[in-house]
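The structure appears right after this line, and notes come after that.
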Amino acid sequence: MLLVNQIRDNYAGVLAGLKKRNFQNAEAALAVAIRLDDLRKSTQAVRDQLQSESNSISKKIGMLMKEGKAAEAQEIKERTSQIKSEIKELDEQNSKAEEELKSLLYTIPNVPHDSVPAGKSAEDNEVVLEQGDIPVLHDEKQPHWELIKKYDIIDFDLGVKITGAGFPVYKGKGARLQRALINFFLDEAMAQGYMEVQPPILVNEDSGYGTGQLPDKEGQMYFATADNLYLIPTAEVPLTNLYRDVILSEEDLPVKNVGFTPCFRREAGSWGAHVRGLNRLHQFDKVEIVQITHPEKSYEALESMSLYVQGLLQKLELPYRVLRLCGGDMGFTSALTYDMEVYSAAQERWLEVSSVSNFETYQSNRLKLRFKGDDKKTQLAHSLNGSALALPRIVASILENNQTPDGIRMPKVLHPYLGFDKI
């Protein structure tokens with residue numbers, strides 16, 4: 001969440017950034033935040049004065065008692081009782097103001113980086129680059145949902161039988177392709193200095209608030225009501241929450257972690273041809289990279305993460321493009337996001353396979369994730385994350401782009417992991 005000092009010190013910049021996001025009632029929200037902070041500060045100032053008075057009275061009572069002036073001491077004690085009552089009332093007012101302020105700040109999105117283009121939807125995203133040749137397929141080309149039936153490698157009907165729509169069953173070479181991609185992505189990340197972490201896939205409410213899924217996306221998450229736990233929509237949540245309420249040393253930075261998990265998303269309101277097959281699922285596998293960095297180095301880290309994900313796509317021989325998301329299409333917590341999309345030759349459309357984002361201090365302020373520098377002062381770190389990569393649309397593109405009349409050719413980089421070169 002935003003820092004109140006950030007709002008005060010750069011009011012015009014914060015307001016302009018929120019308007020770039022098309023955030024409704026930005027001025028009113030910021031005004032209320034400042035008013036609640038003023039109330040909190042003024043209440044605290046009065047409390048501090050009363051506490052100082054109480055301390056002085058306590059010393060005076062001690063002196064009077066030593067001097068045998070018990071009657072005078074008793075008179076003063078009545079004032080201390082009154083002060084205690086006033087302090088209790090002020091503490092309640094202060095707690096209420098702090099809670100209202102925190103609840104309000106939870107509803108205000110992050111301020112976009114200056115480079116973020118204005119815009120209202122995905123149509124306004126900026127294409128940064130395109131890489132690779134669009135494959136020319138044979139006349140009998142098929143979309144991946146037909147190919148998986150033809151080669152019997154993924155079964156949606158069995159998934160419906162066991163669970164429901166959006167929960168496919170991978171089998172035979174389809175299951176091996178999943179496992180190959182996961183191992184390939186993990187090996188590549190570790191070669192780049194990321195430490196592998198296997199986190200829980202259920203998280204508590206504090207974790208959801210820490211990374212910003214709550215209160216923004218509760219409608220998109222599966223919720224285990226009996227235990228008050230959420231199934232993770234992405235490994236970003238547990239991997240980043242490893243550092244909730246942690247103070248790192250500056251020499252520990254950057255922290256670089258990678259984790260593979262299944263991800264669960266309700267995808268409420270999603271329908272249409274664009275969500276057929278593997279294009280949109282309720283459960284899918286993803287490898288996620290997370291970095292915790294020094295604030296001065298986070299945008300350097302973001303570019304590095306973007307290039308790393310692009311390198312994975314190049315090794316998989318997939319044509320791709322990089323988008324800088326506009327203000328209206330960015331995630332709630334992000335300051336700057338790059339989306340990577342691969343071209344699906346049979347569907348003849350671009351499919352998003354990765355988002356790489358810098359959250360600056362937005363998550364770390366919620367998480368109380370700090371580091372201590374050489375000057376022994378603590379400050380908030382910057383957090384970043386990226387999909388490296390989400391499997392479903394990668395699989396869809398590999399199947400579609402590499403289909404031939406004689407089978408589906410597998411990318412060379414996966415051959416050692418697969419044990420076969422064609423489906």
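Every chain in the structure tokens takes a letter, A first, then B, and so on in the order presented; its residues are numbered from 1, and the ligands are numbered from 1 following the presented order.
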Query raised in the report: Which residues in region 213-323 of chain A does DSSP call alpha helix (DSSP H)? List them as number ranges by chain.
Result: A: 236-241, 298-315
Export of prior selection with C-alpha atoms as a CSV table (one decimal), in the first residue's frame:
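Result saved to part.csv:
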chain,number,residue,atom,x,y,z
A,236,GLU,CA,4.2,-15.0,-5.7
A,237,VAL,CA,2.0,-15.0,-2.6
A,238,PRO,CA,3.9,-17.6,-0.5
A,239,LEU,CA,7.3,-16.8,-2.0
A,240,THR,CA,7.1,-13.1,-1.1
A,241,ASN,CA,5.4,-13.7,2.3
A,298,SER,CA,14.8,-2.6,-8.7
A,299,TYR,CA,14.3,-1.3,-12.2
A,300,GLU,CA,17.6,-2.8,-13.3
A,301,ALA,CA,16.4,-6.1,-11.8
A,302,LEU,CA,13.1,-5.7,-13.7
A,303,GLU,CA,14.8,-5.4,-17.0
A,304,SER,CA,17.0,-8.4,-16.1
A,305,MET,CA,14.0,-10.5,-15.3
A,306,SER,CA,12.3,-9.5,-18.5
A,307,LEU,CA,15.3,-10.5,-20.5
A,308,TYR,CA,15.5,-13.8,-18.6
A,309,VAL,CA,11.9,-14.7,-19.4
A,310,GLN,CA,12.5,-13.7,-23.1
A,311,GLY,CA,15.5,-16.1,-23.1
A,312,LEU,CA,13.2,-19.0,-22.0
A,313,LEU,CA,10.9,-18.2,-24.9
A,314,GLN,CA,13.8,-18.0,-27.3
A,315,LYS,CA,15.1,-21.4,-26.2
Query raised in the report: Got a sec: who's within 8 Å of Asn401 (chain A), counting only C-alpha atoms, leaving out chain neighbours fewer than 6 positions off, as a PyMOL selection string?
Result: chain A and resi 135+137+318+344-346
**Report entry** All residues 7 Å or closer to Glu130 (chain A), only C-alpha atoms, same chain fewer than 4 positions away omitted, as JSON, numbers by chain
**Finding:** {"A": [320, 321, 322]}
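Using only C-alpha atoms, the contacts of Asn204 (chain A) at a cut-off of 7 Å, with sequence neighbours closer than 5 positions omitted, comprise A:Asn228, A:Leu229, A:Tyr230.
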Query raised in the report: Skipping near chain neighbours, those fewer than 5 positions away, what residues fall within 9 Å of Val413 (chain A) using only C-alpha atoms, listed as number ranges by chain?
Result: A: 184, 315-317
Taking N, CA and C atoms for each residue, export the selection above as a tab-separated table (two decimals), in the first residue's frame.
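Printed below is part_39.tsv as written:
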chain	number	residue	atom	x	y	z
A	184	PHE	N	12.73	-27.91	-16.70
A	184	PHE	CA	13.52	-27.00	-17.52
A	184	PHE	C	13.50	-25.59	-16.94
A	315	LYS	N	14.59	-20.05	-26.22
A	315	LYS	CA	15.06	-21.43	-26.16
A	315	LYS	C	13.94	-22.41	-26.53
A	316	LEU	N	12.72	-22.02	-26.29
A	316	LEU	CA	11.58	-22.87	-26.66
A	316	LEU	C	11.17	-22.66	-28.12
A	317	GLU	N	11.88	-21.76	-28.81
A	317	GLU	CA	11.67	-21.50	-30.24
A	317	GLU	C	10.26	-20.95	-30.52
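Counting from CA of Gly328 (chain A), the distance to CA of Pro112 (chain A) is 10.2 Å.
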Query raised in the report: Taking into account only C-alpha atoms, which residue in the set A:Val128, A:Ala26, A:Ile76, A:Leu380 is nearest to Val14 (chain A)?
Result: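 Using only C-alpha atoms, the shortest distance to Val14 (chain A) belongs to A:Ala26.
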Requested in this report: Kindly indicate which residue among A:Ala165, A:Cys326, A:Leu369, A:Ala381 lies nearest to His282 (chain A), using only C-alpha atoms for the distances.
Outcome: A:Ala165
Requested in this report: Tell me, as a PyMOL selection string, which residues lie within 10 Å of region 155-164 of chain A, counting only C-alpha atoms; anything in the same chain fewer than 3 positions away does not count.
Outcome: chain A and resi 145+148-149+152+167-171+174+277-278+282
Let's have the selection written as a CSV table (one decimal), in the first residue's frame, with all heavy atoms.
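Wrote it out as again-v4.csv, contents follow:
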chain,number,residue,atom,x,y,z
A,145,TRP,N,-6.8,-27.6,-28.8
A,145,TRP,CA,-7.9,-28.5,-28.2
A,145,TRP,C,-8.3,-29.6,-29.1
A,145,TRP,O,-8.9,-30.6,-28.6
A,145,TRP,CB,-9.1,-27.6,-27.8
A,145,TRP,CG,-9.7,-26.7,-28.8
A,145,TRP,CD1,-10.6,-27.1,-29.8
A,145,TRP,CD2,-9.4,-25.3,-29.0
A,145,TRP,NE1,-10.9,-26.0,-30.6
A,145,TRP,CE2,-10.2,-24.9,-30.1
A,145,TRP,CE3,-8.6,-24.4,-28.3
A,145,TRP,CZ2,-10.1,-23.6,-30.6
A,145,TRP,CZ3,-8.5,-23.1,-28.8
A,145,TRP,CH2,-9.3,-22.7,-29.9
A,148,ILE,N,-4.9,-32.2,-28.8
A,148,ILE,CA,-4.8,-33.0,-27.6
A,148,ILE,C,-5.8,-34.2,-27.7
A,148,ILE,O,-5.5,-35.3,-27.1
A,148,ILE,CB,-5.1,-32.2,-26.3
A,148,ILE,CG1,-6.5,-31.6,-26.3
A,148,ILE,CG2,-4.0,-31.1,-26.2
A,148,ILE,CD1,-6.8,-30.8,-25.1
A,149,LYS,N,-6.9,-34.0,-28.4
A,149,LYS,CA,-7.8,-35.2,-28.6
A,149,LYS,C,-7.2,-36.2,-29.6
A,149,LYS,O,-7.2,-37.4,-29.3
A,149,LYS,CB,-9.1,-34.7,-29.1
A,149,LYS,CG,-10.0,-33.9,-28.1
A,149,LYS,CD,-11.3,-33.5,-28.7
A,149,LYS,CE,-12.1,-32.6,-27.8
A,149,LYS,NZ,-13.3,-32.1,-28.5
A,152,ASP,N,-4.3,-37.8,-27.8
A,152,ASP,CA,-4.7,-38.4,-26.5
A,152,ASP,C,-3.7,-38.0,-25.4
A,152,ASP,O,-3.2,-38.9,-24.7
A,152,ASP,CB,-4.9,-39.9,-26.6
A,152,ASP,CG,-5.6,-40.5,-25.4
A,152,ASP,OD1,-6.4,-39.7,-24.7
A,152,ASP,OD2,-5.4,-41.6,-25.1
A,167,PHE,N,-10.3,-28.0,-15.2
A,167,PHE,CA,-9.4,-28.9,-14.4
A,167,PHE,C,-9.0,-30.1,-15.3
A,167,PHE,O,-9.5,-31.2,-15.1
A,167,PHE,CB,-10.0,-29.4,-13.1
A,167,PHE,CG,-10.3,-28.3,-12.1
A,167,PHE,CD1,-11.6,-27.6,-12.2
A,167,PHE,CD2,-9.4,-27.9,-11.1
A,167,PHE,CE1,-11.9,-26.6,-11.3
A,167,PHE,CE2,-9.7,-26.9,-10.2
A,167,PHE,CZ,-10.9,-26.2,-10.3
A,168,PRO,N,-8.1,-29.9,-16.2
A,168,PRO,CA,-7.7,-30.9,-17.2
A,168,PRO,C,-6.9,-32.1,-16.5
A,168,PRO,O,-6.2,-31.8,-15.5
A,168,PRO,CB,-6.9,-30.2,-18.2
A,168,PRO,CG,-6.3,-29.0,-17.5
A,168,PRO,CD,-7.3,-28.6,-16.5
A,169,VAL,N,-7.0,-33.2,-17.1
A,169,VAL,CA,-6.1,-34.4,-16.8
A,169,VAL,C,-5.1,-34.5,-17.8
A,169,VAL,O,-5.4,-34.7,-19.0
A,169,VAL,CB,-7.0,-35.6,-16.6
A,169,VAL,CG1,-6.1,-36.9,-16.4
A,169,VAL,CG2,-8.0,-35.5,-15.5
A,170,TYR,N,-3.8,-34.5,-17.5
A,170,TYR,CA,-2.7,-34.7,-18.4
A,170,TYR,C,-2.3,-36.1,-18.3
A,170,TYR,O,-2.1,-36.7,-17.2
A,170,TYR,CB,-1.5,-33.8,-18.0
A,170,TYR,CG,-1.8,-32.3,-18.0
A,170,TYR,CD1,-2.4,-31.7,-16.9
A,170,TYR,CD2,-1.6,-31.5,-19.2
A,170,TYR,CE1,-2.7,-30.3,-16.9
A,170,TYR,CE2,-1.9,-30.1,-19.2
A,170,TYR,CZ,-2.5,-29.6,-18.1
A,170,TYR,OH,-2.8,-28.2,-18.1
A,171,LYS,N,-2.0,-36.7,-19.4
A,171,LYS,CA,-1.6,-38.1,-19.4
A,171,LYS,C,-0.6,-38.5,-20.5
A,171,LYS,O,-0.5,-37.7,-21.5
A,171,LYS,CB,-2.9,-39.0,-19.5
A,171,LYS,CG,-3.8,-38.7,-20.8
A,171,LYS,CD,-5.0,-39.5,-20.7
A,171,LYS,CE,-5.9,-39.3,-21.9
A,171,LYS,NZ,-7.1,-40.2,-21.9
A,174,GLY,N,1.5,-36.0,-22.7
A,174,GLY,CA,1.1,-34.7,-22.2
A,174,GLY,C,1.6,-34.4,-20.7
A,174,GLY,O,2.0,-33.3,-20.4
A,277,GLY,N,-10.0,-24.6,-24.3
A,277,GLY,CA,-8.9,-25.5,-24.1
A,277,GLY,C,-8.0,-25.0,-23.0
A,277,GLY,O,-8.5,-24.8,-21.9
A,278,LEU,N,-6.7,-24.9,-23.3
A,278,LEU,CA,-5.7,-24.5,-22.2
A,278,LEU,C,-5.6,-23.0,-22.1
A,278,LEU,O,-4.8,-22.5,-21.3
A,278,LEU,CB,-4.4,-25.0,-22.6
A,278,LEU,CG,-4.2,-26.5,-22.6
A,278,LEU,CD1,-2.9,-26.9,-23.3
A,278,LEU,CD2,-4.4,-27.2,-21.2
A,282,HIS,N,-8.9,-23.3,-14.3
A,282,HIS,CA,-9.0,-23.0,-12.9
A,282,HIS,C,-7.8,-23.5,-12.1
A,282,HIS,O,-7.5,-23.0,-11.0
A,282,HIS,CB,-10.3,-23.7,-12.4
A,282,HIS,CG,-11.6,-23.1,-12.9
A,282,HIS,ND1,-11.8,-21.7,-12.8
A,282,HIS,CD2,-12.6,-23.6,-13.6
A,282,HIS,CE1,-13.0,-21.5,-13.4
A,282,HIS,NE2,-13.5,-22.6,-13.9
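Using only C-alpha atoms, the contacts of region 214-219 of chain A at a cut-off of 9 Å, with sequence neighbours closer than 6 positions omitted, comprise Tyr106, Thr107, Glu205, Asp206, Ser207, Gly208, Tyr230, Arg266, Glu267, Ala268 and Phe332 of chain A.
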Requested in this report: Pull the strand (DSSP E or B) assignments for region 31-175 of chain A out of DSSP run on the backbone, and list those residues as JSON, numbers by chain.
Outcome: {"A": [126, 127, 128, 129, 130, 131, 154, 155, 169, 170]}
**Report entry** Residue nearest Glu89 (chain A) among A:Leu50, A:Ile154, A:Leu384, A:Leu323 (counting only C-alpha atoms)
**Finding:**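 Checking each of A:Leu50, A:Ile154, A:Leu384, A:Leu323 against Glu89 (chain A), counting only C-alpha atoms, the winner is A:Leu50.
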